[in-house]
Structure formats: C-alpha cells, structure tokens
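Below is one structure, written out as structure tokens; the observations come after it.
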Amino acid sequence: MRKRSLYGAVSLLSVAVLTVTTSNVASGQTAAAKAAPLPTVVVLATGGTIAGAAASDVQAGYTSGQLGVDQLLAAVPQAKKLAVLRGEQISNIGSQDMNDTVWLKLAQRINELTAQNDVAGVVITHGTDTIEETAYFLNLVVKSRKPVVMTAAMRPSTAMSADGPLNFYNAVAVAANKDAAGRGVLVVANDWIHGAASLTKTSTTAVQTFLSPLSGLIGTVAYGTVEFYRGPVGKHTADSEFSLSGVTQLPRVDIIMAYENMDGALIDAAVAAGAKGVVIAGVGNGNLTEAAVKTLAKHAQNGIACVRSSRVTTGVIGRNVELDDDKLGFVAALEHNPQKSRVLLRLALLRQRTPADLQRLFTEY
Ligand code: ASP
C-alpha cells in the first residue's frame, strides 16, 4: 500500500521534478520521472451540478449543465500539471435526465479513446443523481483496463465552497495514475475513490454523499495524492461478458418499491408497458406482500425476469431466505441495490436468459 502511495506521489510531482537540478537527481527512477512526459487524459463532460450555475453564490436554486467542457478545464488550471488534458462534450444535462442515447454514445466513445495508444485514461464529469448507474453501466461495457474515472459535485460551480474543482483535480490525478488500471470504472468524490459496483448516493444535499456501504472504498485521493487499498467487487470492464456491439436499444426494466399493503397492480402495469424485467425494491431482505409475490410469480412463469432487491441501503439480499426463489422463479439481487440491479438486468436481457443464468450474473458481477 505504501509503495502505491509513493507511486502516486511521484506521478503528481513529475512536473516539479523537472525543475530539480541534476545534482539533486539521486536515482535512476527519479531520472526516468524527469524525462517522462505527462500522460494524456481525455475529459468527457455530460453535465450535472459540477457544470451547474446559479445567479448567486448562496442560493439553493440552480441549473445543472450550464458550463461547457472548456470552461470546466479552464476552472482548474492546476490539473494541467497532472496530465495533458483534452475535452469533449458528450451531453450537457442534469443526470436526472440521463438516458440510453447518452449512455450508448458515452460507452462507444470511451471504448474508442481507451483503444488509442496515446490516451492514458478518461475522466467523465456527471451529475451525482445517477452517477452510480452510469458508473455501473460503463463498468460492464467498457472493454479496457485503462483508468476510467467519473466525478461530480454536489454544489454548482458558482456556489460558496464549490466542491467541483477539487473533485475534478483528484479525478484527473486518479486517471493519470497507472495504478488505477484494472480496477474497473472508479468514482472520485470528496477525497474518496469508490468502485462502480459499490457506491451509492446517500444524502440529497451533503457534500459527503457517496458511500460504498457494504464493501468499502477502493482508495483515497487527497489533493492529487492517490492511495489504493484494494480492487473492486465483481467482474468488470475487460473481463465482462457484456458487449454493446450492434446494440442500439436496451430492454425496458422497471423498478417497483414494496410497501405496506402492496398489491400487484404496479407490477402488472410495468409488464403491460413492455418491461422485460422487473426489479422489486423490497422491504428488508427483498420481501414483498403475499399479493405482490403472487403477481410477480405469475409474470416469472411467463418469462419476465423478476429480481428481488431491497429498499434498504445496505446488506445482501439472500436467495431462498423468506421466499422460495427456486420455486417462484425469482432472482436474488445479492449486494446489488435496485438501480444497479436494473442496469445489470438490462444488459443481461440483451439475450434470452433463464432465472438460473441471471442468478449467475448477479453472483459474478
Ligand atoms: N441533479 C443534479 C444531477 O444529477 C445533481 C448533482 O449533480 O449533484 O445532475
């Protein structure tokens, strides 16, 4: 771990090293750092509060996606000491409006860029509302081990104590760090590095909103100094069996929350609307009323993929605990929250799958 920390520090300081006199260059490694050019990191901007603006620095109301990628880059000139930066605008929307068109475009562009020899890593700026879904989607469809790092902000660029600039700086530091490779898509926010499968948004307004409650952090990054603790949970990126090649549309999957006195009406409505899969944000360990179970089982028998997740923030949704999943034809989401379950299910349903196939995917990814 210490060794990795030192690695991060070396890459961060590589520009400063250029100014060191020859007599101060003590080792061959330092000489190599002196000669090494900065890595190229491409910034793909999608919008969000990090690109948001308000009329004043203390008001709650603001609009997401107001700044273009060039303005984002210009706002953090310090990041140019970490990497050669190039920017591209993919979209400029609040992430509550994130959609399949942007997802497919983003995934394709990341796959193109990471295949280029001169690109060391990619940073994606995004809104916080759905970053966990986009991160997990990319984690399953990007075909590269190069660092792909997402970042966001809770406060717009015009706010007092805006959190975007340091988050962006730290994201570039992680993307430029060779040790970030092979860890899947990462999300950097408020000094913490999360894995795409584990993070979730836990506060509507606090800067410290992202947690990886079940499996913990991948690492930390403080003013550009990167420290990794471990790899991510589940298969990802280059090891993923999912591919978007030839895909222009993703199947519809709906999430339905369970609650007291629930009947099957919303489950029926989802299927009638064309859902190929239904994810239940169940109570507790993925439970739902008897009436809802009956309706769900009816659709499972008809080939609709039925996944039991939970509306509870943390914990594993176990198979065959209070419900007989084997008999009912259900899939237990295990550690996937409803929104991550939906992402995985949409990709899984690009082809025909039995409940057993789906359970394998929920176990491996
Ligand atoms: N609604 C915003 C978004 O997700 C919130 C944010 O970025 O923090 O785009």
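Each chain in the structure tokens gets a letter, A, B, ..., in the order shown, and its residues are numbered from 1; ligands are numbered from 1 in order too.
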
Test item: residues lying within 6 Å of ligand 1 with only C-alpha atoms and all ligand atoms, as a PyMOL selection string:
chain A and resi 48-49+64+94-96+127-130+153-154

Polymer residues at most 7 Å from A:Thr158, only C-alpha atoms, same-chain spacing of 3 or more positions, as a count of residues only:
4

For A:Gly224, which residue among A:Ala305, A:Val102, A:Leu358, A:Val174 is the nearest when counting only C-alpha atoms?
A:Val174

Pick out the residues sitting within 9 Å of stretch 69-85 of chain A, and hand them over as JSON, numbers by chain; count only C-alpha atoms, and ignore anything fewer than 3 positions along from it in its own chain.
{"A": [11, 12, 13, 14, 15, 16, 37, 38, 39, 40, 41, 42, 43, 44, 45, 46, 47, 50, 51, 88, 89, 125, 157, 165, 166, 168, 169, 170, 172, 173, 175, 176, 224]}

Dump of C-alpha atoms for the selected residues, as a CSV table (one decimal), in the first residue's frame:
chain,number,residue,atom,x,y,z
A,11,SER,CA,3.5,11.0,-10.8
A,12,LEU,CA,1.9,14.0,-9.1
A,13,LEU,CA,5.3,15.6,-8.6
A,14,SER,CA,6.7,14.8,-12.0
A,15,VAL,CA,6.4,18.5,-13.2
A,16,ALA,CA,8.1,19.8,-10.1
A,37,PRO,CA,6.0,13.1,-20.5
A,38,LEU,CA,2.7,13.8,-18.8
A,39,PRO,CA,0.0,11.2,-19.6
A,40,THR,CA,-2.9,12.3,-21.8
A,41,VAL,CA,-6.3,12.2,-20.1
A,42,VAL,CA,-9.4,12.9,-22.1
A,43,VAL,CA,-12.3,14.6,-20.2
A,44,LEU,CA,-15.8,13.7,-21.4
A,45,ALA,CA,-18.4,16.1,-20.0
A,46,THR,CA,-22.0,15.1,-19.6
A,47,GLY,CA,-23.4,17.9,-17.4
A,50,ILE,CA,-20.4,20.2,-11.5
A,51,ALA,CA,-21.2,22.2,-14.6
A,88,GLU,CA,-15.1,16.6,-25.3
A,89,GLN,CA,-18.8,17.4,-24.7
A,125,THR,CA,-17.9,14.6,-15.4
A,157,SER,CA,-19.6,26.0,-9.9
A,165,PRO,CA,-12.8,21.9,-8.8
A,166,LEU,CA,-11.0,19.7,-6.2
A,168,PHE,CA,-12.1,17.2,-10.8
A,169,TYR,CA,-8.4,17.7,-9.9
A,170,ASN,CA,-8.5,14.5,-7.9
A,172,VAL,CA,-7.5,13.6,-13.1
A,173,ALA,CA,-4.9,12.5,-10.6
A,175,ALA,CA,-7.0,8.8,-14.2
A,176,ALA,CA,-3.3,9.7,-14.7
A,224,GLY,CA,-3.9,14.6,-6.0

Can you tell me, as an MDAnalysis selection string, what residues are no more than 9 Å from A:Val188 when counting only C-alpha atoms, ignoring any on the same chain fewer than 2 positions away?
chainID A and resid 149:152 167:168 170:171 174 186 190:194 220:221

Mind checking DSSP for stretch 67-302 of chain A and telling me the strand (DSSP E) residues as a PyMOL selection string?
chain A and resi 84-93+121-125+148-151+185-189+192-195+200-201+210-211+219-222+225-228+253-257+277-282

As a VMD selection string, please: the residues near stretch 136-139 of chain A (cut-off 9 Å, only C-alpha atoms, same-chain neighbours under 2 positions excluded).
chain A and resid 103 106 to 107 110 131 to 134 141 to 143 148 184 to 186 195 to 198 235 to 237 240 340 343 to 344 347

Determine which residues of stretch 37-242 of chain A DSSP labels as alpha helix (DSSP H) from the backbone of this structure, then write them out as a ChimeraX atom specification.
/A:69-75,100-114,131-141,164-175

note - atom CA of A:Pro147 and atom CA of A:Asp179 are separated by 8.5 Å

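Of note, atom CA of A:Ala356 and atom CA of A:Gln301 are spaced 13.4 Å apart.
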
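Counting only C-alpha atoms and comparing A:Ala275, A:Val226, A:Ala281, A:Ala292, the residue that lies closest to A:Ile256 is A:Ala281.
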
Excluding A:Ala300 and residues on its chain fewer than 2 positions from it, collect all residues at most 10 Å away from it, counting only C-alpha atoms, and give them as an MDAnalysis selection string.
chainID A and resid 277:278 294:298 302:307 328:331 355

With N, CA and C atoms kept, could you save the residues just selected as a PDB file, in the first residue's frame?
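Here's the written file result_18.pdb:
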ATOM      1  N   GLY A 277     -38.202  -7.051 -17.675  1.00  0.00           N
ATOM      2  CA  GLY A 277     -37.755  -7.411 -16.340  1.00  0.00           C
ATOM      3  C   GLY A 277     -38.326  -6.445 -15.327  1.00  0.00           C
ATOM      4  N   VAL A 278     -38.492  -6.932 -14.096  1.00  0.00           N
ATOM      5  CA  VAL A 278     -38.985  -6.096 -13.004  1.00  0.00           C
ATOM      6  C   VAL A 278     -38.030  -6.279 -11.829  1.00  0.00           C
ATOM      7  N   LYS A 294     -47.514 -13.136  -5.430  1.00  0.00           N
ATOM      8  CA  LYS A 294     -48.357 -13.927  -6.344  1.00  0.00           C
ATOM      9  C   LYS A 294     -48.317 -13.345  -7.762  1.00  0.00           C
ATOM     10  N   THR A 295     -48.459 -12.022  -7.827  1.00  0.00           N
ATOM     11  CA  THR A 295     -48.431 -11.362  -9.146  1.00  0.00           C
ATOM     12  C   THR A 295     -47.062 -11.518  -9.793  1.00  0.00           C
ATOM     13  N   LEU A 296     -46.025 -11.313  -8.989  1.00  0.00           N
ATOM     14  CA  LEU A 296     -44.659 -11.402  -9.527  1.00  0.00           C
ATOM     15  C   LEU A 296     -44.384 -12.817 -10.050  1.00  0.00           C
ATOM     16  N   ALA A 297     -44.822 -13.815  -9.274  1.00  0.00           N
ATOM     17  CA  ALA A 297     -44.585 -15.215  -9.668  1.00  0.00           C
ATOM     18  C   ALA A 297     -45.307 -15.534 -10.977  1.00  0.00           C
ATOM     19  N   LYS A 298     -46.492 -14.974 -11.131  1.00  0.00           N
ATOM     20  CA  LYS A 298     -47.254 -15.194 -12.385  1.00  0.00           C
ATOM     21  C   LYS A 298     -46.418 -14.699 -13.584  1.00  0.00           C
ATOM     22  N   ASN A 302     -44.224 -16.573 -16.851  1.00  0.00           N
ATOM     23  CA  ASN A 302     -44.388 -16.169 -18.262  1.00  0.00           C
ATOM     24  C   ASN A 302     -43.095 -15.628 -18.877  1.00  0.00           C
ATOM     25  N   GLY A 303     -41.973 -15.784 -18.183  1.00  0.00           N
ATOM     26  CA  GLY A 303     -40.683 -15.415 -18.772  1.00  0.00           C
ATOM     27  C   GLY A 303     -40.210 -14.000 -18.494  1.00  0.00           C
ATOM     28  N   ILE A 304     -40.924 -13.266 -17.650  1.00  0.00           N
ATOM     29  CA  ILE A 304     -40.432 -11.933 -17.244  1.00  0.00           C
ATOM     30  C   ILE A 304     -39.369 -12.146 -16.154  1.00  0.00           C
ATOM     31  N   ALA A 305     -38.244 -11.447 -16.283  1.00  0.00           N
ATOM     32  CA  ALA A 305     -37.177 -11.584 -15.284  1.00  0.00           C
ATOM     33  C   ALA A 305     -37.581 -10.819 -14.024  1.00  0.00           C
ATOM     34  N   CYS A 306     -37.636 -11.515 -12.911  1.00  0.00           N
ATOM     35  CA  CYS A 306     -38.109 -10.896 -11.662  1.00  0.00           C
ATOM     36  C   CYS A 306     -37.002 -10.934 -10.618  1.00  0.00           C
ATOM     37  N   VAL A 307     -36.498  -9.776 -10.278  1.00  0.00           N
ATOM     38  CA  VAL A 307     -35.359  -9.676  -9.364  1.00  0.00           C
ATOM     39  C   VAL A 307     -35.817  -9.048  -8.054  1.00  0.00           C
ATOM     40  N   LEU A 328     -40.404 -20.078  -7.035  1.00  0.00           N
ATOM     41  CA  LEU A 328     -41.127 -18.924  -7.604  1.00  0.00           C
ATOM     42  C   LEU A 328     -40.504 -18.419  -8.908  1.00  0.00           C
ATOM     43  N   GLY A 329     -39.270 -18.824  -9.180  1.00  0.00           N
ATOM     44  CA  GLY A 329     -38.599 -18.368 -10.411  1.00  0.00           C
ATOM     45  C   GLY A 329     -38.016 -16.974 -10.279  1.00  0.00           C
ATOM     46  N   PHE A 330     -37.679 -16.572  -9.047  1.00  0.00           N
ATOM     47  CA  PHE A 330     -37.128 -15.226  -8.807  1.00  0.00           C
ATOM     48  C   PHE A 330     -35.592 -15.263  -8.779  1.00  0.00           C
ATOM     49  N   VAL A 331     -35.026 -14.064  -8.902  1.00  0.00           N
ATOM     50  CA  VAL A 331     -33.573 -13.885  -8.799  1.00  0.00           C
ATOM     51  C   VAL A 331     -33.310 -13.008  -7.581  1.00  0.00           C
ATOM     52  N   PRO A 355     -33.853 -17.827 -15.186  1.00  0.00           N
ATOM     53  CA  PRO A 355     -33.552 -17.290 -13.851  1.00  0.00           C
ATOM     54  C   PRO A 355     -32.198 -17.786 -13.330  1.00  0.00           C
TER      55      PRO A 355
END

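Using only C-alpha atoms for every distance, the candidate list A:Arg353, A:Val293, A:Thr313, A:Asn285 yields A:Val293 as the residue closest to A:Lys327.
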
Distance query A:Ala258 at most 7 Å, only C-alpha atoms, self and fewer than 6 positions along chain excluded, as a PyMOL selection string
chain A and resi 280-283+288

Create the file for the chosen residues now, containing N, CA and C atoms and written as a PDB file, in the first residue's frame.
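New file result-v5.pdb:
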ATOM      1  N   ILE A 280     -37.783  -5.501  -7.873  1.00  0.00           N
ATOM      2  CA  ILE A 280     -38.540  -5.068  -6.703  1.00  0.00           C
ATOM      3  C   ILE A 280     -37.555  -4.472  -5.690  1.00  0.00           C
ATOM      4  N   ALA A 281     -37.798  -3.218  -5.306  1.00  0.00           N
ATOM      5  CA  ALA A 281     -37.049  -2.629  -4.186  1.00  0.00           C
ATOM      6  C   ALA A 281     -37.809  -3.065  -2.945  1.00  0.00           C
ATOM      7  N   GLY A 282     -37.522  -4.283  -2.513  1.00  0.00           N
ATOM      8  CA  GLY A 282     -38.324  -4.922  -1.480  1.00  0.00           C
ATOM      9  C   GLY A 282     -38.104  -4.319  -0.105  1.00  0.00           C
ATOM     10  N   VAL A 283     -38.969  -4.723   0.825  1.00  0.00           N
ATOM     11  CA  VAL A 283     -38.734  -4.354   2.223  1.00  0.00           C
ATOM     12  C   VAL A 283     -37.732  -5.361   2.781  1.00  0.00           C
ATOM     13  N   LEU A 288     -41.810  -8.800  -0.032  1.00  0.00           N
ATOM     14  CA  LEU A 288     -42.985  -8.066  -0.513  1.00  0.00           C
ATOM     15  C   LEU A 288     -44.234  -8.825  -0.078  1.00  0.00           C
TER      16      LEU A 288
END

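Our summary of the geometry notes that atom CA of A:Thr205 is positioned 28.6 Å from atom CA of A:Arg308.
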
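Nearest-residue note for A:Thr114: choosing from A:Ile255, A:Ile267, A:Ala238, A:Val247, the minimum distance belongs to A:Ala238, counting only C-alpha atoms.
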